Amino acid sequence: MKNLTLICALVFASLTTLSAQLSFKPGDIELAAGYGVVSTYAKDGATTIVPPVSLRMNARLSSNFSLGAYAAYASFERNGRVLPTGAVQDISNESFQVGLRAAAHGQVGEKFDIYGGGMLGYDMATVEESINGQPKSKGDEPSFIRPEDDNNSLIYSAFIGASYYPKSNLGFFGEVGYGNSLLNVGISFRL
């Protein structure tokens, strides 16, 4: 965690020293729609029902800093997992995330905006599990390992990314960070 904090601090420091070529100014609004290329559920061997998609809106507080809102949705399932007991487990997971993002920006050349920042949000997950075709009933586990009924949780993450603007109001972005996907690509519009 200390290494991640140090890396983020170095990225922020370098972003604020880059020369500005794009004409971002306080009050500019950016809308973006993203597609998750590497799902956070990929390691579980889950099947994608609805791929990770996201929407965000950023408002520039200054030419180098923005504050924004984020929403993302994804749905996955994993069927036919054989447990050590020989039972067959099926799991479906639907996740909707919302959050606030803060980012530091820097421009490279005339068409690139690079950024890094953090997000604080809330994940509303619906997880359904069945064993041998029967829904898993609450209370099957001993009380000391029984999960909470609420699958919702507070989330936080860091991200870094870059946007390329072939036109002053239309851009494409790539972003790495934890959310509903580890790698997102998409399109952005400047208003």
# chains A, B, ... in the order shown; residues from 1 in each chain; ligands from 1
$ residues_around --residues "Leu100 of chain A" --least-positions-apart "4" --cutoff "7 Å" --atoms "only C-alpha atoms" --output "PDB file with N, CA and C atoms, in the first residue's frame"
ATOM      1  N   GLY A  68     -15.411  14.329 -10.288  1.00  0.00           N
ATOM      2  CA  GLY A  68     -16.430  13.724 -11.137  1.00  0.00           C
ATOM      3  C   GLY A  68     -17.254  12.667 -10.448  1.00  0.00           C
ATOM      4  N   ALA A  69     -18.288  12.245 -11.174  1.00  0.00           N
ATOM      5  CA  ALA A  69     -19.187  11.171 -10.732  1.00  0.00           C
ATOM      6  C   ALA A  69     -18.981   9.972 -11.653  1.00  0.00           C
ATOM      7  N   TYR A  70     -19.181   8.783 -11.098  1.00  0.00           N
ATOM      8  CA  TYR A  70     -18.898   7.535 -11.809  1.00  0.00           C
ATOM      9  C   TYR A  70     -20.014   6.537 -11.537  1.00  0.00           C
ATOM     10  N   MET A 119     -10.891   7.190  -6.301  1.00  0.00           N
ATOM     11  CA  MET A 119     -12.346   7.150  -6.262  1.00  0.00           C
ATOM     12  C   MET A 119     -12.797   6.602  -4.916  1.00  0.00           C
ATOM     13  N   LEU A 120     -13.862   7.167  -4.405  1.00  0.00           N
ATOM     14  CA  LEU A 120     -14.551   6.658  -3.229  1.00  0.00           C
ATOM     15  C   LEU A 120     -15.980   6.382  -3.674  1.00  0.00           C
ATOM     16  N   GLY A 121     -16.443   5.155  -3.458  1.00  0.00           N
ATOM     17  CA  GLY A 121     -17.753   4.804  -3.982  1.00  0.00           C
ATOM     18  C   GLY A 121     -18.466   3.756  -3.165  1.00  0.00           C
TER      19      GLY A 121
END
$ closest_atom_pairs --of "segment 21-75 of chain A" --to "segment 172-178 of chain A" --cutoff "9 Å" --atoms "only C-alpha atoms" --output "Markdown table"
| residue | atom | partner | partner_atom | distance |
| --- | --- | --- | --- | --- |
| A:Ala32 | CA | A:Phe173 | CA | 8.5 |
| A:Gly34 | CA | A:Phe173 | CA | 8.3 |
| A:Thr40 | CA | A:Tyr178 | CA | 7.8 |
$ write_last_selection --atoms "N, CA and C atoms" --output "compact mmCIF listing (two decimals), in the first residue's frame"
# COMPACT_ATOMS: atom_id res chain seq x y z
N ALA A 32 -17.91 10.59 -20.38
CA ALA A 32 -17.20 9.45 -20.95
C ALA A 32 -18.00 8.17 -20.73
N GLY A 34 -17.35 3.95 -20.96
CA GLY A 34 -16.26 2.99 -21.04
C GLY A 34 -16.73 1.55 -21.11
N THR A 40 -12.86 -7.75 -13.30
CA THR A 40 -12.33 -8.15 -11.99
C THR A 40 -12.73 -9.58 -11.64
$ atom_distance --atom1 "atom CA of Gly27 of chain A" --atom2 "atom CA of Val108 of chain A"
20.8 Å
$ residues_around --residues "Pro52 of chain A" --least-positions-apart "3" --cutoff "6 Å" --atoms "only C-alpha atoms" --output "PyMOL selection string"
chain A and resi 35-36+73-74+180
$ closest_residue --among "A:Asn132, A:Asn152, A:Ser168, A:Ser163" --to "Gly86 of chain A" --atoms "only C-alpha atoms"
A:Asn132
$ residues_around --residues "Glu94 of chain A" --least-positions-apart "6" --cutoff "9 Å" --atoms "only C-alpha atoms" --output "list of chain:residue names"
A:Val50, A:Tyr73, A:Ala74, A:Ser75, A:Phe76, A:Glu77, A:Met124, A:Ala125, A:Thr126, A:Val127, A:Glu128
$ residues_around --residues "segment 56-63 of chain A" --least-positions-apart "2" --cutoff "7 Å" --atoms "only C-alpha atoms" --output "number ranges by chain"
A: 24-33, 54, 65-71
$ closest_residue --among "A:Ser23, A:Ile131, A:Asn184, A:Ser157" --to "Thr85 of chain A" --atoms "only C-alpha atoms"
A:Ile131
$ select_by_dssp --residues "segment 9-176 of chain A" --states "alpha helix (DSSP H)" --output "PyMOL selection string"
chain A and resi 9-17
